[in-house]
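J.: My structure is below; once you've seen it, I'll send some questions.
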Protein chains: 2
Amino acid sequence: MTETRLERKERTRRAILDAALGLTRESSLVALSLRQVAKEVGIVPTAFYRHFDSIEALGLALVDESFASLRALLRDVRRASEVDRSAAEDLVDQLVDRSVDVLVDHVRRQRDHFAFIARERVAGPTAVRDAIRHELELCERELATDLARLPGTAAWSVDDLRVLAALFVSTMVTTAESMLAAGRAEAERQIIATVRTQLRMVVVGVAHWPSGAAV
Amino acid sequence: MTETRLERKERTRRAILDAALGLTRESSLVALSLRQVAKEVGIVPTAFYRHFDSIEALGLALVDESFASLRALLRDVRRASEVDRSAAEDLVDQLVDRSVDVLVDHVRRQRDHFAFIARERVAGPTAVRDAIRHELELCERELATDLARLPGTAAWSVDDLRVLAALFVSTMVTTAESMLAAGRAEAERQIIATVRTQLRMVVVGVAHWPSGAAV
DNA sequence: GGATTGAGTGAACATCCGTACACCGGAAAT
DNA sequence: ATTTCCGGTGTACGGATGTTCACTCAATCC
């Protein structure tokens, strides 16, 4: 029943990450103290240094972890988009619906990760903010290449694809933030209906966008 | 050369507000201490209480102040929208351009206020977050009634107008956040070009939106 | 099976924190 | 002219903070 040394280390490392996520739920990394984390985990303050150099380093690890789960979301959206391409007419509407469903599901299940990204993106230590911004840019770029494969965007310029991807990403981020702030289930339902309509409006715009064509 | 008592009080109150805006530029209200503010202002810590009950109360005052300047922005946008309505064709494009111009100008001039709203909206004390959320909802509602007066939205449902207004507001907020994060002027120019295109895409969608009509 | 390694310990430090309390001195009120 | 009011002062406190250092003791290595 003994525990290997690596297992033990990994276990308290996890405990530290979880404690940090929990303690910053209603606050921010910049207001989190090393001693709070240590107390929550049940170790002595100095033991923290065996795992991270500083709270900021802890934050960077949480960025990695949070975006791992966000990447899982993007993979799901991508998989959900591999639908029956014969029904060309309302294909994009289906895509919007499925994307929103996947987002909602992930926000509910990875609530702490999304809350962490939403907060520290604007309020975290500089290094953490930069790391999050960088990851979000990667997401935008991936989405842009996905959009290029969709019907109707064949003639689009690279710039327009990037701009559209940024609009989708920021709308999704805003929606996640709203969901995190929403208390009652009724408010959440309204947020979901709202983003659905918003994306549909954008999609209608996309369908009539004169990119590449004569203006 | 004597100073009236009210003048003196107002002067240090202003100094406290300014110090708080400055000190949270790279951090957040939840990481701001009463003593830092006092030292920055040049008063003794206990004198802080002559003006505010707590850092949170200070935050609420900053919310009021920041939204006063944001309301000034909205007023400018509204004024900029009272253009020559004869050129019906590209009227909406003009509107987008002017709105973006006004936003950019205000972000540059009221940088600290916008940064404060962007940060504390997600990372501030609960009361501050709620206050900001409430103010942003008011902005959305105002924008929705403005949109109703525009040509082409006559047949729109109240819900659709609200949803569209929310999309505009969140896009503007996201843009302001990006501008605050952008270091070089080149990056800022790209952000401006991006939001211009994004709003145009939405506007195209709006022009073809089947609200009220048979779907 | 003895030496080594390394996660966690515990005490100590200088510094910061919010807040309580008694006080000062000049503007305002009488 | 005297009293009241009140923004700002100075001290003092109990507690939290980051970091140091020397330590224990069980898993690992040779």
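So you can find residues: chains in the structure tokens are A, B, ... in the order shown, residues in each start at 1, and ligands are numbered from 1 in order.
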Could you tell me which residues of chain D sit within 12 Å of chain A when counting only C-alpha atoms (C1' of nucleotides), and give me the result as a list of chain:residue names?
T.: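 The complete set of qualifying residues is D:DA16, D:DT17, D:DG18, D:DT19, D:DT20, D:DC21, D:DA26, D:DA27, D:DT28.
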J.: Find the nearest atom pair between each residue of chain C and chain B for residues within 12 Å, count only C-alpha atoms (C1' of nucleotides), give distances in Å to one decimal, sort rows by chain and ascending number, and present the table as JSON lines.
T.:
{"residue": "C:DC16", "atom": "C1'", "partner": "B:Arg35", "partner_atom": "CA", "distance": 9.0}
{"residue": "C:DC17", "atom": "C1'", "partner": "B:Ser33", "partner_atom": "CA", "distance": 7.7}
{"residue": "C:DG18", "atom": "C1'", "partner": "B:Leu34", "partner_atom": "CA", "distance": 8.0}
{"residue": "C:DT19", "atom": "C1'", "partner": "B:Thr46", "partner_atom": "CA", "distance": 8.1}
{"residue": "C:DA20", "atom": "C1'", "partner": "B:Thr46", "partner_atom": "CA", "distance": 9.8}
{"residue": "C:DC21", "atom": "C1'", "partner": "B:Thr46", "partner_atom": "CA", "distance": 11.0}
{"residue": "C:DG26", "atom": "C1'", "partner": "B:Arg5", "partner_atom": "CA", "distance": 9.7}
{"residue": "C:DA27", "atom": "C1'", "partner": "B:Arg5", "partner_atom": "CA", "distance": 6.4}
{"residue": "C:DA28", "atom": "C1'", "partner": "B:Arg5", "partner_atom": "CA", "distance": 8.5}
J.: Please identify all residues of chain B having at least one atom at most 10 Å from any atom of chain A, considering only C-alpha atoms, and return them as a PyMOL selection string.
T.: chain B and resi 24-32+115-116+118-126+129-130+133+159-160+162-168+170-171+173-175+177-178+180-181+191+193-210
J.: Store the residues of this selection in a file with C-alpha atoms, as a CSV table (one decimal), in the first residue's frame.
T.:
chain,number,residue,atom,x,y,z
B,24,THR,CA,-4.6,48.9,-10.1
B,25,ARG,CA,-3.4,49.5,-13.7
B,26,GLU,CA,-1.3,46.4,-13.6
B,27,SER,CA,-3.3,44.5,-11.0
B,28,SER,CA,-6.8,44.5,-9.6
B,29,LEU,CA,-8.9,46.0,-6.9
B,30,VAL,CA,-8.9,42.8,-4.9
B,31,ALA,CA,-5.1,43.1,-4.7
B,32,LEU,CA,-5.2,46.7,-3.7
B,115,ALA,CA,-9.0,49.2,-18.1
B,116,PHE,CA,-10.8,49.4,-14.7
B,118,ALA,CA,-12.6,45.5,-18.2
B,119,ARG,CA,-10.7,44.1,-15.2
B,120,GLU,CA,-13.1,44.5,-12.4
B,121,ARG,CA,-16.0,43.3,-14.5
B,122,VAL,CA,-14.7,39.8,-14.1
B,123,ALA,CA,-12.1,40.1,-11.3
B,124,GLY,CA,-13.4,42.7,-8.9
B,125,PRO,CA,-15.2,42.3,-5.6
B,126,THR,CA,-18.7,40.8,-6.0
B,129,ARG,CA,-18.8,43.1,-10.5
B,130,ASP,CA,-22.5,43.3,-10.1
B,133,ARG,CA,-22.8,44.2,-15.1
B,159,ASP,CA,-35.9,40.3,-28.5
B,160,ASP,CA,-33.9,40.5,-31.7
B,162,ARG,CA,-31.8,43.3,-27.6
B,163,VAL,CA,-29.7,40.4,-28.9
B,164,LEU,CA,-28.2,42.6,-31.6
B,165,ALA,CA,-27.4,45.3,-29.1
B,166,ALA,CA,-25.7,42.8,-26.8
B,167,LEU,CA,-23.6,41.7,-29.7
B,168,PHE,CA,-22.5,45.2,-30.5
B,170,SER,CA,-19.7,42.8,-26.3
B,171,THR,CA,-17.8,43.4,-29.5
B,173,VAL,CA,-15.9,45.7,-24.9
B,174,THR,CA,-13.7,43.0,-26.5
B,175,THR,CA,-12.1,45.6,-28.8
B,177,GLU,CA,-9.8,45.1,-24.0
B,178,SER,CA,-7.6,44.3,-27.0
B,180,LEU,CA,-5.5,48.0,-23.8
B,181,ALA,CA,-3.4,44.9,-24.3
B,191,ILE,CA,-7.4,45.8,-34.0
B,193,ALA,CA,-9.4,47.4,-38.8
B,194,THR,CA,-10.6,44.0,-37.4
B,195,VAL,CA,-13.5,45.5,-35.4
B,196,ARG,CA,-14.5,47.6,-38.4
B,197,THR,CA,-14.8,44.5,-40.5
B,198,GLN,CA,-16.5,42.5,-37.8
B,199,LEU,CA,-19.2,45.1,-37.4
B,200,ARG,CA,-19.7,45.3,-41.2
B,201,MET,CA,-20.2,41.6,-41.3
B,202,VAL,CA,-22.8,41.8,-38.6
B,203,VAL,CA,-24.5,44.7,-40.4
B,204,VAL,CA,-24.7,42.7,-43.6
B,205,GLY,CA,-26.4,40.0,-41.5
B,206,VAL,CA,-28.8,42.5,-40.1
B,207,ALA,CA,-29.7,43.7,-43.6
B,208,HIS,CA,-30.7,40.2,-44.5
B,209,TRP,CA,-32.2,39.1,-41.2
B,210,PRO,CA,-35.7,37.7,-41.5
J.: Which residues are near Ser81 of chain A? Cut-off 10 Å, only C-alpha atoms (C1' of nucleotides), ignore same chain within fewer than 5 positions. Put them as a ChimeraX atom specification.
T.: /A:75-76,91-92,94-96,98-99,146,150
J.: Please compute the atom CA of Ile132 of chain B-atom CA of Trp156 of chain B distance, one decimal, in Å.
T.: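 Rounded to one decimal, the two atoms are 28.1 Å apart.
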J.: What's around Ile192 of chain A at 9 Å? Count only C-alpha atoms (C1' of nucleotides), leave out sequence neighbours fewer than 5 positions away in its own chain, and write the answer as a ChimeraX atom specification.
T.: /A:100-101,104,175,179,187,197
J.: For the selection you just gave me, I'd like the residues written to a file as an mmCIF file, in the first residue's frame, keeping C-alpha atoms.
T.:
data_model
loop_
_atom_site.group_PDB
_atom_site.id
_atom_site.type_symbol
_atom_site.label_atom_id
_atom_site.label_comp_id
_atom_site.auth_asym_id
_atom_site.auth_seq_id
_atom_site.Cartn_x
_atom_site.Cartn_y
_atom_site.Cartn_z
ATOM 1 C CA VAL A 100 -23.237 26.256 -28.854
ATOM 2 C CA ASP A 101 -24.278 22.941 -27.309
ATOM 3 C CA VAL A 104 -22.447 25.148 -22.935
ATOM 4 C CA THR A 175 -20.936 33.926 -23.597
ATOM 5 C CA MET A 179 -22.844 31.942 -18.088
ATOM 6 C CA ALA A 187 -30.820 33.448 -16.916
ATOM 7 C CA THR A 197 -29.285 34.176 -32.362
#
J.: How far is it from atom CA of His51 of chain A to atom CA of Arg13 of chain A, in Å with one decimal?
T.: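 Result for atom CA of His51 of chain A versus atom CA of Arg13 of chain A: 6.5 Å, one decimal.
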J.: Do you have the atom CA of Arg149 of chain B-atom CA of Asp93 of chain B distance handy?
T.: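 Computed distance, atom CA of Arg149 of chain B to atom CA of Asp93 of chain B, equals 16.0 Å.
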J.: Taking the backbone alone, and naming residues the way the document does, which bits of segment 92-211 of chain B are alpha helix (DSSP H) by DSSP, as a PyMOL selection string?
T.: chain B and resi 92-109+111-123+126-148+158-181+185-207
J.: Neighbours of segment 2-12 of chain D within 8 Å (only C-alpha atoms (C1' of nucleotides); same-chain residues fewer than 3 positions away dropped), as number ranges by chain?
T.: B: 9, 43-44, 47, 50; C: 23-24, 28-30
J.: If we count only C-alpha atoms (C1' of nucleotides) and set the cut-off at 9 Å, which residues sit around Phe67 of chain A, ignoring sequence neighbours fewer than 4 positions away in its own chain? Please answer as a list in words.
T.: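 Everything that qualifies: Leu62, Val63, Arg71, Ala72, His113, Phe114, Ile117, Ile132, Glu135 and Leu136 of chain A.
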